[in-house]
Amino acid sequence: MKKLALLVLSFTLMLLVAACSNEQKSNQKTSKQEEASANDTLTLSWPLDIGAVNPHLYAPNEMFAQALLYDPLVSYGDNGEIQPALATDWEISEDGKSYTFTLREGVVYSDGSSLTAENVKRNIEAVLQNMERHSWLEAVSMIDKVEVIDELKVKIDLKESYYPFLQELTLIRPLRMLADSGFPEGGSTAEEIEAPIGSGPWILTDYVKGSHAEFTRNDNYWGEKPKIKKVIIKVIPDSQARIMALEKGDIDLIFGSGQLAPVEYQTLQQKGTYQTLISGPLSTRVLAINSTIAPTNEKEVRLALQYAMDRKTIVEHILNGLEEEAQSLFSPGFPYSDIKVGQYENNFEEAKKILDQAGWKMVEGQPFRMKNNQVLQVTIPYRSTELVHKEILEYLQSAWREIGIDVQLKAEESQIYTQKVRAGEFNLTFNDTWGVPYDPHMFIRTMIGENQLGLYVQSGTAISSEFTANVNKVIRSTDENERRALYEGILQGIHDEAMFIPISYRTNYLVANNGVKRLQFTPHQYEVPLSLFELEE
Amino acid sequence: MKKRNKRLPLIISSSLVALLTMVAIFEPWLVLHDPHVINMAMKLQGFSATYPLGTDHLGRCVLSRLIAGARVSLFTTFSILIVTLIISLVVGIVAGYVGGMIDTVLMRVCDILLAMPNFIFALVIVGTLGGGLFNMFIGIVFVSWVWYARMIRNMVLSLKEAPFVKYAQVTGVSRFNIMRVHILPFVFPQIFLLKLIGLGSTILLISELSFLGLGVTAPLAEWGMMISDSKTYLLSNPMLMFIPGFMISLTVLLFNWFGDAVRDALDPKTL
């Protein structure tokens, strides 16, 4: 009895202590928050640490942070037109092989140094030094040499003419500009940088790895200055914790794709106490089919999978109507997305018929279709942390098993997943497109690159050699009519050979408390338009 | 009177364990709906006569999935029990009885494995091999035999000096037979009891790995996975997460209680 009493007592004490410490914490938070809003500070969450913010490298450097700090020579406008950024003007030579950029006058980096042609040259050459890492990007491998013409004029010579060159210069990485003082001693940015000093609208003023990063407005910014003075990014990896932080007032805003599950977004929406917004289509959720291994190396199997796709159910019940059904690989509005290639309707009977004709027959006493004693089985690996992918795949598993296709789902740890996919160990897997400004040409180009997921998609098809030749041609062609004709062939080939199953168009979600004004999206999936948001006075 | 009191926990806990095992064995006859069939039209239903515990985000019957999950959890747990028991008995008895180089090598291997936290190590193994029931089984077996092997070796060391073992050695009984006939029967009950007490942690380990998405793979149901799947529904449908969580706690508690009860019942001091 005594023991029990002691136990109860200690437990109560424990709870009390916990309750007290919580109260203290929340008190602190509210006072801090008041202070924060008075200071014109916006706080938002991000699932990952922003990394070292090296403009010339990839993960773990977060793209949105790179975009806050660094500027490109030219930028990608709303309708895909190339707009001036650090370069105010550019001339392209007759043969399309040399580009002369006139730099903007009076651009200063956050350390006070000025943008010069010499500095631009240094940046581009630093990227060229690390060629292997950037080989996926044609623009980098196309650059022959960089020449300084005068203080504010720089000339880039290409090995051959390459039409998407300007478009690839707009990318968040790797061709953005770092100040001279940001370069490490050896001059190579392939491993690390000295300091993240850019000319962008924001300056990184505080950073604690894995905890938070603070960006302050760059009052010397050459373009339109942000309205908000300070932005704090808190690292919160888990979506439930993110929602709790929003509810407690620790953060003001949640932005992005996959940061909230559809149902979580809707729960917050239904509360009515937050502003909620969904962007237009930004990229496409796509299942890629491997044409190099059985049984998806058979066109009939790929076709059957295309017909056995009930997008409506997926969009309505799993994505809760927050995304649109995908009608094509690239959503309307992207270059060449107006090319009509046809579409596979949702028709399970047709799928069954195709499989029957291809010799994959239901056998008495067997749960799945067989041919030559082989079971019709497809393997789909996915990242174990991707809950929405898992839901979609579980649904497809159930639907496809009904027509006699066995589906093996393989949950993989993130890095192992990447390794396996790069080694081609999958029948199907998610391979979303990248959106503006990558789609369509960079997405298409990776389909002919070594060790790229897209290579496995096309290289086992009957049209592979022609496809590869066309892709090689299209990225070099400077004639718009020729390019269009080539794209017609490429997109038609992708459709006819049933290489990808587009499911829906991905959107960004935005949930914010009522203090944040002028909420909006840009066409870029990976940018957070913090410069455009405002805070209530 | 006193004696009956002592037996009571054992009777209750063992009948509950038996009940749970029965449910797991007769799962195909007990489920109301096929636990794997997805019916989008019926997703996220509340409690009702057709779906006593409602349906999940893909319209599957939660009660049926709980029962199917019990089957997966218990069968995996029991097979892990048997395999680890065999491995640790072989390693422990051989190391303890034969001694010398073999003992040194085996025990150093144990030391290395013991130096690593169980869960993290299992996670590394499953992460590298890839998810799935079988790989999870390998991962958990790999981390859980070590401690028992050490225990057994220590028991064997003292048994080795016992008069009946010495007598057997003198009369020329082969090493294998001494281990089999004279040592194993003494070690086995104690180690079995220890394993029984440790069952709860095995169930937890299975659930943890499945929660991280690396254990049981879809479409099989498993309690840890059910919790993980309903994470995003925490705000809108908290019951989806609560029910399997409650079942895990209850089952682990039950097995711990059962283990304790068996120990108390067999312990000569309390008789």
# chains A, B, ... in the order shown; residues from 1 in each chain; ligands from 1
call {"tool": "select_by_dssp", "arguments": {"residues": "stretch 251-436 of chain A", "states": "strand (DSSP E or B)", "output": "number ranges by chain"}}
result
A: 253-256, 275-278, 283-289, 324-325, 361-362, 369-371, 374-375, 377-383, 406-412, 428-430
call {"tool": "write_last_selection", "arguments": {"atoms": "C-alpha atoms", "output": "mmCIF file, in the first residue's frame"}}
result
data_model
loop_
_atom_site.group_PDB
_atom_site.id
_atom_site.type_symbol
_atom_site.label_atom_id
_atom_site.label_comp_id
_atom_site.auth_asym_id
_atom_site.auth_seq_id
_atom_site.Cartn_x
_atom_site.Cartn_y
_atom_site.Cartn_z
ATOM 1 C CA LEU A 253 3.576 29.915 -42.156
ATOM 2 C CA ILE A 254 3.846 26.466 -43.718
ATOM 3 C CA PHE A 255 4.702 26.409 -47.406
ATOM 4 C CA GLY A 256 5.493 23.718 -49.905
ATOM 5 C CA GLN A 275 -5.405 31.422 -44.450
ATOM 6 C CA THR A 276 -5.046 28.445 -46.756
ATOM 7 C CA LEU A 277 -4.032 28.479 -50.401
ATOM 8 C CA ILE A 278 -3.313 25.897 -53.073
ATOM 9 C CA SER A 283 4.935 19.668 -61.805
ATOM 10 C CA THR A 284 3.583 16.195 -62.446
ATOM 11 C CA ARG A 285 3.360 13.183 -60.146
ATOM 12 C CA VAL A 286 4.553 10.414 -62.407
ATOM 13 C CA LEU A 287 5.132 6.693 -62.134
ATOM 14 C CA ALA A 288 8.101 5.742 -64.281
ATOM 15 C CA ILE A 289 8.123 2.261 -65.823
ATOM 16 C CA GLU A 324 -5.781 17.781 -60.586
ATOM 17 C CA GLU A 325 -5.832 14.563 -62.583
ATOM 18 C CA LYS A 361 -3.398 -15.622 -68.535
ATOM 19 C CA MET A 362 -5.237 -16.309 -65.337
ATOM 20 C CA ARG A 369 -1.557 -14.098 -64.154
ATOM 21 C CA MET A 370 1.138 -16.420 -65.485
ATOM 22 C CA LYS A 371 3.092 -16.894 -68.688
ATOM 23 C CA GLN A 374 6.381 -16.897 -64.625
ATOM 24 C CA VAL A 375 4.088 -14.924 -62.329
ATOM 25 C CA GLN A 377 4.766 -9.480 -60.732
ATOM 26 C CA VAL A 378 5.999 -5.882 -60.570
ATOM 27 C CA THR A 379 8.202 -4.423 -57.850
ATOM 28 C CA ILE A 380 7.726 -0.845 -56.732
ATOM 29 C CA PRO A 381 10.250 0.623 -54.301
ATOM 30 C CA TYR A 382 9.435 3.826 -52.444
ATOM 31 C CA ARG A 383 10.972 5.974 -49.715
ATOM 32 C CA ASP A 406 1.032 -9.013 -58.311
ATOM 33 C CA VAL A 407 2.503 -5.837 -56.868
ATOM 34 C CA GLN A 408 5.420 -5.990 -54.432
ATOM 35 C CA LEU A 409 5.862 -2.753 -52.524
ATOM 36 C CA LYS A 410 9.336 -2.225 -51.106
ATOM 37 C CA ALA A 411 9.795 0.418 -48.452
ATOM 38 C CA GLU A 412 13.390 1.622 -48.542
ATOM 39 C CA LEU A 428 7.847 1.076 -61.422
ATOM 40 C CA THR A 429 8.665 3.964 -59.132
ATOM 41 C CA PHE A 430 7.672 7.554 -58.513
#
call {"tool": "residues_around", "arguments": {"residues": "B:Ile12", "least_positions_apart": "6", "cutoff": "12 Å", "atoms": "only C-alpha atoms", "output": "PyMOL selection string"}}
result
chain B and resi 5-6+18-19+254-255+257-258+261-262
call {"tool": "write_last_selection", "arguments": {"atoms": "N, CA, C and O atoms", "output": "PDB file, in the first residue's frame"}}
result
ATOM      1  N   ASN B   5      -3.583 -17.849  -4.406  1.00  0.00           N
ATOM      2  CA  ASN B   5      -3.343 -16.447  -4.741  1.00  0.00           C
ATOM      3  C   ASN B   5      -2.163 -16.293  -5.686  1.00  0.00           C
ATOM      4  O   ASN B   5      -2.180 -15.496  -6.603  1.00  0.00           O
ATOM      5  N   LYS B   6      -1.130 -17.064  -5.416  1.00  0.00           N
ATOM      6  CA  LYS B   6       0.071 -16.978  -6.226  1.00  0.00           C
ATOM      7  C   LYS B   6      -0.198 -17.445  -7.658  1.00  0.00           C
ATOM      8  O   LYS B   6       0.408 -16.945  -8.600  1.00  0.00           O
ATOM      9  N   ALA B  18      -3.268 -17.104 -24.237  1.00  0.00           N
ATOM     10  CA  ALA B  18      -3.841 -18.172 -25.055  1.00  0.00           C
ATOM     11  C   ALA B  18      -4.937 -17.616 -25.957  1.00  0.00           C
ATOM     12  O   ALA B  18      -5.028 -17.944 -27.148  1.00  0.00           O
ATOM     13  N   LEU B  19      -5.751 -16.729 -25.395  1.00  0.00           N
ATOM     14  CA  LEU B  19      -6.835 -16.126 -26.167  1.00  0.00           C
ATOM     15  C   LEU B  19      -6.278 -15.348 -27.364  1.00  0.00           C
ATOM     16  O   LEU B  19      -6.722 -15.502 -28.499  1.00  0.00           O
ATOM     17  N   LEU B 254       0.742  -7.382 -21.285  1.00  0.00           N
ATOM     18  CA  LEU B 254       0.268  -8.738 -21.037  1.00  0.00           C
ATOM     19  C   LEU B 254       1.426  -9.735 -21.034  1.00  0.00           C
ATOM     20  O   LEU B 254       1.534 -10.579 -20.153  1.00  0.00           O
ATOM     21  N   PHE B 255       2.306  -9.613 -22.019  1.00  0.00           N
ATOM     22  CA  PHE B 255       3.423 -10.559 -22.090  1.00  0.00           C
ATOM     23  C   PHE B 255       4.396 -10.361 -20.942  1.00  0.00           C
ATOM     24  O   PHE B 255       4.943 -11.325 -20.411  1.00  0.00           O
ATOM     25  N   TRP B 257       3.596  -9.329 -17.985  1.00  0.00           N
ATOM     26  CA  TRP B 257       2.888  -9.864 -16.824  1.00  0.00           C
ATOM     27  C   TRP B 257       2.958 -11.388 -16.829  1.00  0.00           C
ATOM     28  O   TRP B 257       3.246 -12.037 -15.834  1.00  0.00           O
ATOM     29  N   PHE B 258       2.719 -11.945 -17.999  1.00  0.00           N
ATOM     30  CA  PHE B 258       2.752 -13.392 -18.179  1.00  0.00           C
ATOM     31  C   PHE B 258       4.122 -13.943 -17.813  1.00  0.00           C
ATOM     32  O   PHE B 258       4.252 -14.910 -17.053  1.00  0.00           O
ATOM     33  N   ALA B 261       4.578 -13.775 -14.151  1.00  0.00           N
ATOM     34  CA  ALA B 261       3.742 -14.752 -13.459  1.00  0.00           C
ATOM     35  C   ALA B 261       4.350 -16.148 -13.553  1.00  0.00           C
ATOM     36  O   ALA B 261       4.391 -16.885 -12.583  1.00  0.00           O
ATOM     37  N   VAL B 262       4.844 -16.489 -14.739  1.00  0.00           N
ATOM     38  CA  VAL B 262       5.475 -17.801 -14.905  1.00  0.00           C
ATOM     39  C   VAL B 262       6.695 -17.911 -14.009  1.00  0.00           C
ATOM     40  O   VAL B 262       6.899 -18.908 -13.317  1.00  0.00           O
TER      41      VAL B 262
END
call {"tool": "residues_around", "arguments": {"residues": "stretch 112-127 of chain B", "least_positions_apart": "4", "cutoff": "8 Å", "atoms": "only C-alpha atoms", "output": "PDB file with all heavy atoms, in the first residue's frame"}}
result
ATOM      1  N   GLU A 412      11.934   1.541 -48.659  1.00  0.00           N
ATOM      2  CA  GLU A 412      13.390   1.622 -48.542  1.00  0.00           C
ATOM      3  C   GLU A 412      13.792   2.883 -47.804  1.00  0.00           C
ATOM      4  O   GLU A 412      13.139   3.912 -47.918  1.00  0.00           O
ATOM      5  CB  GLU A 412      14.047   1.660 -49.937  1.00  0.00           C
ATOM      6  CG  GLU A 412      13.698   0.500 -50.824  1.00  0.00           C
ATOM      7  CD  GLU A 412      14.420  -0.784 -50.494  1.00  0.00           C
ATOM      8  OE1 GLU A 412      15.175  -0.808 -49.500  1.00  0.00           O
ATOM      9  OE2 GLU A 412      14.210  -1.772 -51.215  1.00  0.00           O
ATOM     10  N   GLU A 413      14.880   2.766 -47.107  1.00  0.00           N
ATOM     11  CA  GLU A 413      15.483   3.934 -46.483  1.00  0.00           C
ATOM     12  C   GLU A 413      15.942   4.846 -47.624  1.00  0.00           C
ATOM     13  O   GLU A 413      16.337   4.385 -48.682  1.00  0.00           O
ATOM     14  CB  GLU A 413      16.641   3.443 -45.612  1.00  0.00           C
ATOM     15  CG  GLU A 413      17.266   4.449 -44.712  1.00  0.00           C
ATOM     16  CD  GLU A 413      18.299   5.272 -45.415  1.00  0.00           C
ATOM     17  OE1 GLU A 413      18.985   4.737 -46.315  1.00  0.00           O
ATOM     18  OE2 GLU A 413      18.409   6.449 -45.094  1.00  0.00           O
ATOM     19  N   ILE A 416      19.265   4.279 -49.654  1.00  0.00           N
ATOM     20  CA  ILE A 416      19.243   2.973 -50.303  1.00  0.00           C
ATOM     21  C   ILE A 416      18.282   3.038 -51.493  1.00  0.00           C
ATOM     22  O   ILE A 416      18.539   2.452 -52.545  1.00  0.00           O
ATOM     23  CB  ILE A 416      18.780   1.903 -49.300  1.00  0.00           C
ATOM     24  CG1 ILE A 416      19.659   1.975 -48.064  1.00  0.00           C
ATOM     25  CG2 ILE A 416      18.745   0.526 -49.946  1.00  0.00           C
ATOM     26  CD1 ILE A 416      20.580   0.874 -47.802  1.00  0.00           C
TER      27      ILE A 416
ATOM     28  N   ARG B 108      33.969 -12.645 -27.793  1.00  0.00           N
ATOM     29  CA  ARG B 108      34.363 -11.333 -28.324  1.00  0.00           C
ATOM     30  C   ARG B 108      33.319 -10.853 -29.341  1.00  0.00           C
ATOM     31  O   ARG B 108      32.953  -9.696 -29.381  1.00  0.00           O
ATOM     32  CB  ARG B 108      35.749 -11.383 -28.960  1.00  0.00           C
ATOM     33  CG  ARG B 108      36.946 -11.475 -28.004  1.00  0.00           C
ATOM     34  CD  ARG B 108      37.002 -10.419 -26.916  1.00  0.00           C
ATOM     35  NE  ARG B 108      36.097 -10.683 -25.798  1.00  0.00           N
ATOM     36  CZ  ARG B 108      36.335 -11.592 -24.820  1.00  0.00           C
ATOM     37  NH1 ARG B 108      37.414 -12.323 -24.829  1.00  0.00           N
ATOM     38  NH2 ARG B 108      35.451 -11.748 -23.850  1.00  0.00           N
ATOM     39  N   GLY B 131      13.450  -3.205 -46.487  1.00  0.00           N
ATOM     40  CA  GLY B 131      12.350  -3.556 -45.600  1.00  0.00           C
ATOM     41  C   GLY B 131      11.752  -4.908 -45.928  1.00  0.00           C
ATOM     42  O   GLY B 131      12.181  -5.588 -46.846  1.00  0.00           O
ATOM     43  N   ASN B 135      13.422  -9.692 -43.770  1.00  0.00           N
ATOM     44  CA  ASN B 135      14.608  -8.928 -43.390  1.00  0.00           C
ATOM     45  C   ASN B 135      14.494  -8.401 -41.967  1.00  0.00           C
ATOM     46  O   ASN B 135      15.486  -8.330 -41.243  1.00  0.00           O
ATOM     47  CB  ASN B 135      14.822  -7.770 -44.365  1.00  0.00           C
ATOM     48  CG  ASN B 135      15.302  -8.261 -45.719  1.00  0.00           C
ATOM     49  OD1 ASN B 135      15.736  -9.403 -45.840  1.00  0.00           O
ATOM     50  ND2 ASN B 135      15.201  -7.417 -46.723  1.00  0.00           N
ATOM     51  N   MET B 136      13.262  -8.047 -41.581  1.00  0.00           N
ATOM     52  CA  MET B 136      13.054  -7.590 -40.218  1.00  0.00           C
ATOM     53  C   MET B 136      13.340  -8.727 -39.246  1.00  0.00           C
ATOM     54  O   MET B 136      13.995  -8.542 -38.225  1.00  0.00           O
ATOM     55  CB  MET B 136      11.622  -7.105 -40.052  1.00  0.00           C
ATOM     56  CG  MET B 136      11.299  -6.695 -38.648  1.00  0.00           C
ATOM     57  SD  MET B 136       9.663  -6.001 -38.524  1.00  0.00           S
ATOM     58  CE  MET B 136       8.668  -7.463 -38.666  1.00  0.00           C
ATOM     59  N   ILE B 138      15.358 -11.248 -39.713  1.00  0.00           N
ATOM     60  CA  ILE B 138      16.814 -11.419 -39.625  1.00  0.00           C
ATOM     61  C   ILE B 138      17.426 -10.363 -38.706  1.00  0.00           C
ATOM     62  O   ILE B 138      18.222 -10.661 -37.825  1.00  0.00           O
ATOM     63  CB  ILE B 138      17.452 -11.312 -41.030  1.00  0.00           C
ATOM     64  CG1 ILE B 138      17.026 -12.513 -41.866  1.00  0.00           C
ATOM     65  CG2 ILE B 138      18.963 -11.231 -40.939  1.00  0.00           C
ATOM     66  CD1 ILE B 138      17.581 -12.499 -43.262  1.00  0.00           C
ATOM     67  N   GLY B 139      17.013  -9.106 -38.912  1.00  0.00           N
ATOM     68  CA  GLY B 139      17.561  -8.007 -38.125  1.00  0.00           C
ATOM     69  C   GLY B 139      17.336  -8.214 -36.636  1.00  0.00           C
ATOM     70  O   GLY B 139      18.259  -8.049 -35.829  1.00  0.00           O
ATOM     71  N   ILE B 140      16.113  -8.587 -36.274  1.00  0.00           N
ATOM     72  CA  ILE B 140      15.804  -8.728 -34.847  1.00  0.00           C
ATOM     73  C   ILE B 140      16.514  -9.946 -34.254  1.00  0.00           C
ATOM     74  O   ILE B 140      17.081  -9.877 -33.165  1.00  0.00           O
ATOM     75  CB  ILE B 140      14.278  -8.816 -34.625  1.00  0.00           C
ATOM     76  CG1 ILE B 140      13.626  -7.514 -35.087  1.00  0.00           C
ATOM     77  CG2 ILE B 140      13.966  -9.056 -33.161  1.00  0.00           C
ATOM     78  CD1 ILE B 140      12.132  -7.483 -34.944  1.00  0.00           C
ATOM     79  N   PHE B 142      19.272 -11.165 -35.208  1.00  0.00           N
ATOM     80  CA  PHE B 142      20.689 -10.833 -35.150  1.00  0.00           C
ATOM     81  C   PHE B 142      21.048 -10.076 -33.881  1.00  0.00           C
ATOM     82  O   PHE B 142      22.116 -10.276 -33.321  1.00  0.00           O
ATOM     83  CB  PHE B 142      21.064 -10.000 -36.380  1.00  0.00           C
ATOM     84  CG  PHE B 142      22.527 -10.026 -36.688  1.00  0.00           C
ATOM     85  CD1 PHE B 142      23.069 -11.106 -37.348  1.00  0.00           C
ATOM     86  CD2 PHE B 142      23.349  -8.981 -36.326  1.00  0.00           C
ATOM     87  CE1 PHE B 142      24.422 -11.145 -37.623  1.00  0.00           C
ATOM     88  CE2 PHE B 142      24.697  -9.015 -36.594  1.00  0.00           C
ATOM     89  CZ  PHE B 142      25.232 -10.105 -37.247  1.00  0.00           C
ATOM     90  N   VAL B 143      20.153  -9.198 -33.440  1.00  0.00           N
ATOM     91  CA  VAL B 143      20.503  -8.422 -32.252  1.00  0.00           C
ATOM     92  C   VAL B 143      20.060  -9.087 -30.961  1.00  0.00           C
ATOM     93  O   VAL B 143      20.553  -8.741 -29.898  1.00  0.00           O
ATOM     94  CB  VAL B 143      19.919  -6.992 -32.287  1.00  0.00           C
ATOM     95  CG1 VAL B 143      20.496  -6.212 -33.443  1.00  0.00           C
ATOM     96  CG2 VAL B 143      18.408  -7.000 -32.349  1.00  0.00           C
ATOM     97  N   SER B 144      19.125 -10.058 -31.032  1.00  0.00           N
ATOM     98  CA  SER B 144      18.581 -10.495 -29.747  1.00  0.00           C
ATOM     99  C   SER B 144      19.159 -11.807 -29.192  1.00  0.00           C
ATOM    100  O   SER B 144      18.857 -12.152 -28.070  1.00  0.00           O
ATOM    101  CB  SER B 144      17.049 -10.544 -29.782  1.00  0.00           C
ATOM    102  OG  SER B 144      16.591 -10.969 -31.016  1.00  0.00           O
ATOM    103  N   VAL B 146      22.349 -12.414 -28.628  1.00  0.00           N
ATOM    104  CA  VAL B 146      23.645 -12.208 -27.981  1.00  0.00           C
ATOM    105  C   VAL B 146      23.578 -12.289 -26.459  1.00  0.00           C
ATOM    106  O   VAL B 146      24.310 -13.055 -25.834  1.00  0.00           O
ATOM    107  CB  VAL B 146      24.197 -10.827 -28.376  1.00  0.00           C
ATOM    108  CG1 VAL B 146      25.642 -10.732 -27.989  1.00  0.00           C
ATOM    109  CG2 VAL B 146      24.014 -10.605 -29.858  1.00  0.00           C
ATOM    110  N   TRP B 147      22.688 -11.485 -25.900  1.00  0.00           N
ATOM    111  CA  TRP B 147      22.601 -11.384 -24.450  1.00  0.00           C
ATOM    112  C   TRP B 147      22.315 -12.753 -23.826  1.00  0.00           C
ATOM    113  O   TRP B 147      22.916 -13.121 -22.836  1.00  0.00           O
ATOM    114  CB  TRP B 147      21.491 -10.399 -24.115  1.00  0.00           C
ATOM    115  CG  TRP B 147      21.458 -10.016 -22.687  1.00  0.00           C
ATOM    116  CD1 TRP B 147      22.287  -9.136 -22.050  1.00  0.00           C
ATOM    117  CD2 TRP B 147      20.552 -10.521 -21.696  1.00  0.00           C
ATOM    118  NE1 TRP B 147      21.946  -9.065 -20.722  1.00  0.00           N
ATOM    119  CE2 TRP B 147      20.884  -9.899 -20.480  1.00  0.00           C
ATOM    120  CE3 TRP B 147      19.507 -11.438 -21.728  1.00  0.00           C
ATOM    121  CZ2 TRP B 147      20.208 -10.162 -19.300  1.00  0.00           C
ATOM    122  CZ3 TRP B 147      18.825 -11.697 -20.553  1.00  0.00           C
ATOM    123  CH2 TRP B 147      19.175 -11.063 -19.342  1.00  0.00           C
ATOM    124  N   LEU B 205       9.834  -4.119 -30.724  1.00  0.00           N
ATOM    125  CA  LEU B 205      10.838  -3.923 -31.768  1.00  0.00           C
ATOM    126  C   LEU B 205      10.193  -4.079 -33.157  1.00  0.00           C
ATOM    127  O   LEU B 205      10.447  -3.300 -34.069  1.00  0.00           O
ATOM    128  CB  LEU B 205      11.950  -4.962 -31.579  1.00  0.00           C
ATOM    129  CG  LEU B 205      13.351  -4.606 -32.051  1.00  0.00           C
ATOM    130  CD1 LEU B 205      13.782  -3.288 -31.449  1.00  0.00           C
ATOM    131  CD2 LEU B 205      14.329  -5.686 -31.636  1.00  0.00           C
ATOM    132  N   LEU B 209       9.996  -1.000 -35.891  1.00  0.00           N
ATOM    133  CA  LEU B 209      10.544  -1.072 -37.251  1.00  0.00           C
ATOM    134  C   LEU B 209       9.441  -0.858 -38.287  1.00  0.00           C
ATOM    135  O   LEU B 209       9.639  -0.163 -39.286  1.00  0.00           O
ATOM    136  CB  LEU B 209      11.234  -2.418 -37.479  1.00  0.00           C
ATOM    137  CG  LEU B 209      12.593  -2.548 -36.792  1.00  0.00           C
ATOM    138  CD1 LEU B 209      13.091  -3.968 -36.887  1.00  0.00           C
ATOM    139  CD2 LEU B 209      13.594  -1.596 -37.417  1.00  0.00           C
ATOM    140  N   LEU B 214       9.887   0.193 -42.244  1.00  0.00           N
ATOM    141  CA  LEU B 214      10.887  -0.763 -42.721  1.00  0.00           C
ATOM    142  C   LEU B 214      10.569  -2.200 -42.349  1.00  0.00           C
ATOM    143  O   LEU B 214      11.276  -3.121 -42.712  1.00  0.00           O
ATOM    144  CB  LEU B 214      12.266  -0.383 -42.167  1.00  0.00           C
ATOM    145  CG  LEU B 214      12.824   0.908 -42.747  1.00  0.00           C
ATOM    146  CD1 LEU B 214      14.097   1.303 -42.029  1.00  0.00           C
ATOM    147  CD2 LEU B 214      13.092   0.778 -44.233  1.00  0.00           C
ATOM    148  N   GLY B 215       9.505  -2.397 -41.589  1.00  0.00           N
ATOM    149  CA  GLY B 215       9.208  -3.755 -41.162  1.00  0.00           C
ATOM    150  C   GLY B 215       8.277  -4.443 -42.136  1.00  0.00           C
ATOM    151  O   GLY B 215       8.622  -4.704 -43.288  1.00  0.00           O
TER     152      GLY B 215
END
call {"tool": "atom_distance", "arguments": {"atom1": "atom CA of B:Pro28", "atom2": "atom CA of B:Arg65"}}
result
11.2 Å
call {"tool": "atom_distance", "arguments": {"atom1": "atom CA of A:Ala512", "atom2": "atom CA of A:Lys234"}}
result
14.7 Å
call {"tool": "interface_residues", "arguments": {"of": "chain A", "to": "chain B", "cutoff": "10 Å", "atoms": "only C-alpha atoms", "output": "PyMOL selection string"}}
result
chain A and resi 238-240+243+260-268+313-314+316-318+381+383-388+390-399+402+407-417
call {"tool": "residues_around", "arguments": {"residues": "B:Leu74", "least_positions_apart": "5", "cutoff": "8 Å", "atoms": "only C-alpha atoms", "output": "list in words"}}
result
Thr21, Ala24 and Ile203 of chain B
call {"tool": "residues_around", "arguments": {"residues": "stretch 64-79 of chain A", "least_positions_apart": "4", "cutoff": "7 Å", "atoms": "only C-alpha atoms", "output": "VMD selection string"}}
result
chain A and resid 50 53 55 83 to 87 169 to 170 172 175 to 178 198 to 203 523 526 to 528
call {"tool": "closest_residue", "arguments": {"among": "A:Val148, A:Ile251, A:Ala190, A:Leu48", "to": "A:Val511", "atoms": "only C-alpha atoms"}}
result
A:Ile251
call {"tool": "closest_residue", "arguments": {"among": "A:Leu376, A:Ala462, A:Leu322, A:Val341", "to": "A:Gln492", "atoms": "only C-alpha atoms"}}
result
A:Val341
call {"tool": "residues_around", "arguments": {"residues": "A:Asn54", "least_positions_apart": "2", "cutoff": "7 Å", "atoms": "only C-alpha atoms", "output": "PyMOL selection string"}}
result
chain A and resi 52+56-57+61+192-193+196
call {"tool": "write_last_selection", "arguments": {"atoms": "N, CA and C atoms", "output": "PDB file, in the first residue's frame"}}
result
ATOM      1  N   ALA A  52      24.880  24.323 -46.060  1.00  0.00           N
ATOM      2  CA  ALA A  52      25.891  25.379 -46.105  1.00  0.00           C
ATOM      3  C   ALA A  52      25.518  26.481 -47.089  1.00  0.00           C
ATOM      4  N   HIS A  56      26.878  26.517 -55.708  1.00  0.00           N
ATOM      5  CA  HIS A  56      27.341  25.663 -56.800  1.00  0.00           C
ATOM      6  C   HIS A  56      27.159  24.178 -56.523  1.00  0.00           C
ATOM      7  N   LEU A  57      26.443  23.840 -55.449  1.00  0.00           N
ATOM      8  CA  LEU A  57      26.256  22.423 -55.133  1.00  0.00           C
ATOM      9  C   LEU A  57      24.790  22.073 -54.904  1.00  0.00           C
ATOM     10  N   ASN A  61      22.264  21.242 -49.643  1.00  0.00           N
ATOM     11  CA  ASN A  61      21.937  22.653 -49.735  1.00  0.00           C
ATOM     12  C   ASN A  61      20.494  22.772 -50.204  1.00  0.00           C
ATOM     13  N   GLU A 192      33.347  23.073 -50.374  1.00  0.00           N
ATOM     14  CA  GLU A 192      32.741  23.999 -49.413  1.00  0.00           C
ATOM     15  C   GLU A 192      32.982  25.431 -49.851  1.00  0.00           C
ATOM     16  N   ILE A 193      32.279  26.349 -49.174  1.00  0.00           N
ATOM     17  CA  ILE A 193      32.532  27.760 -49.426  1.00  0.00           C
ATOM     18  C   ILE A 193      32.940  28.415 -48.120  1.00  0.00           C
ATOM     19  N   PRO A 196      28.451  32.207 -47.075  1.00  0.00           N
ATOM     20  CA  PRO A 196      27.377  32.346 -48.068  1.00  0.00           C
ATOM     21  C   PRO A 196      27.075  33.813 -48.352  1.00  0.00           C
TER      22      PRO A 196
END
call {"tool": "residues_around", "arguments": {"residues": "A:Pro529", "least_positions_apart": "3", "cutoff": "9 Å", "atoms": "only C-alpha atoms", "output": "PyMOL selection string"}}
result
chain A and resi 64+68+519-522+532-533
call {"tool": "closest_residue", "arguments": {"among": "B:Trp223, B:Phe186, B:Phe242, B:Phe176", "to": "B:Val94", "atoms": "only C-alpha atoms"}}
result
B:Phe176
